[in-house]
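Scroll down for the structure; my scribbles are underneath it.
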Amino acid sequence: MLPIRDRNPSGQVPYVTWGLIAVNIVVFMAYYPLGTDESVLELYRRWAMIPARLSAGEGLATPLVAMFVHGGWFHLGLNMLFLRIFGDNLEAEFGPVRFLAFYLLCGLIAFALQYVAAPLSLVPVAGASGAVAGVMGGYLLMFPRARVDVATYYVIGLRTFAAPAWLLLGLWFALQVWGGLATPADGGVAFWAHIGGFLAGVGLSARTWRLRGGRMFWSRFHGLPPHPQAPIAVPVVRRRGAILPPPQAHGLFRREGDPR
């Protein structure tokens, strides 16, 4: 099964999402297709995060650089596909600058948890998977009932069906936890980076979710991303005695004589 798109266009051009995809592709094209096996391995040794090097006080910048280094076409393609599906709606909610900071911070937290899981490992860890997992975690918190189209291969050919985000992303996260517990931390898949990035995405999105109204935000938009033309939700007031702004300030009610 492979998610191919969601049914929730943000109504905005996701400049940061597209920019991140472009940067990842450009970096990959710069070293992989025309490189030799030796040159690619040397790049991984130099710029991928190697926990044992970090433990020795070396390669301290590698967790940031490694977010843009991928191990092959399939690795790159999956990460960029998931970023494209889930990134635009989060960028619309956070704004471009906050979304970029969110993405990078999720990636750093993902590498940090992978390091903690195996601090003496000599296996290079690279890729945008942890940062993209953070985007997926944020999407799950903000839009749990969003519909995502999933392609499935049957004997008679490809078929697509729509699944709610909570089911699809919840299952994905459960598989990462199972993989992290069932396999060595220094194996071929950085399960703990996926777990760390996903949890970071949920945690870093929590404030925005609360400011949008928390459960009121879910109720108002039925767990879906707001339509571009929909009025914004009234924020939850936490301070006792505070007064909500008048509804007209949010466009939630028609003014008398308003033709809309």
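Starting from 1 in every chain, residues are counted up; chains themselves are A, B, ... following the order of the structure tokens, and ligands are numbered from 1 as listed.
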Find the residues around Leu83 of chain A up to 12 Å (only C-alpha atoms counted), leave out those fewer than 4 positions away in its own chain, and share them as a PyMOL selection string. chain A and resi 3-6+14+16-22+24+76-79+87-91+103+128-139
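Using only C-alpha atoms, the protein and nucleic acid residues lying no more than 7 Å from Trp192 of chain A, apart from those fewer than 6 places from it along its own chain, are Leu113, Gln114 and Gly180 of chain A.
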Go ahead and write the selection's residues with N, CA and C atoms as a PDB file, in the first residue's frame.
```pdb
ATOM      1  N   LEU A 113      17.313  10.976  18.850  1.00  0.00           N
ATOM      2  CA  LEU A 113      16.810   9.735  19.438  1.00  0.00           C
ATOM      3  C   LEU A 113      17.521   8.522  18.844  1.00  0.00           C
ATOM      4  N   GLN A 114      17.832   8.567  17.541  1.00  0.00           N
ATOM      5  CA  GLN A 114      18.570   7.470  16.930  1.00  0.00           C
ATOM      6  C   GLN A 114      19.956   7.355  17.558  1.00  0.00           C
ATOM      7  N   GLY A 180      11.376  -0.857  15.812  1.00  0.00           N
ATOM      8  CA  GLY A 180      12.405  -0.412  16.739  1.00  0.00           C
ATOM      9  C   GLY A 180      12.629  -1.377  17.883  1.00  0.00           C
TER      10      GLY A 180
END
```
Interatomic distance, atom CA of Pro51 of chain A to atom CA of Val116 of chain A (Å, one decimal): 8.5 Å
Write out as a list in words which residues come within 8 Å of Phe143 of chain A when counting only C-alpha atoms, dropping same-chain ones fewer than 4 positions away. Tyr139, Ala165, Trp218, Gly223, Leu224 and Pro225 of chain A
Please compute the atom CA of Gly187 of chain A-atom CA of Leu175 of chain A distance, one decimal, in Å. 15.5 Å
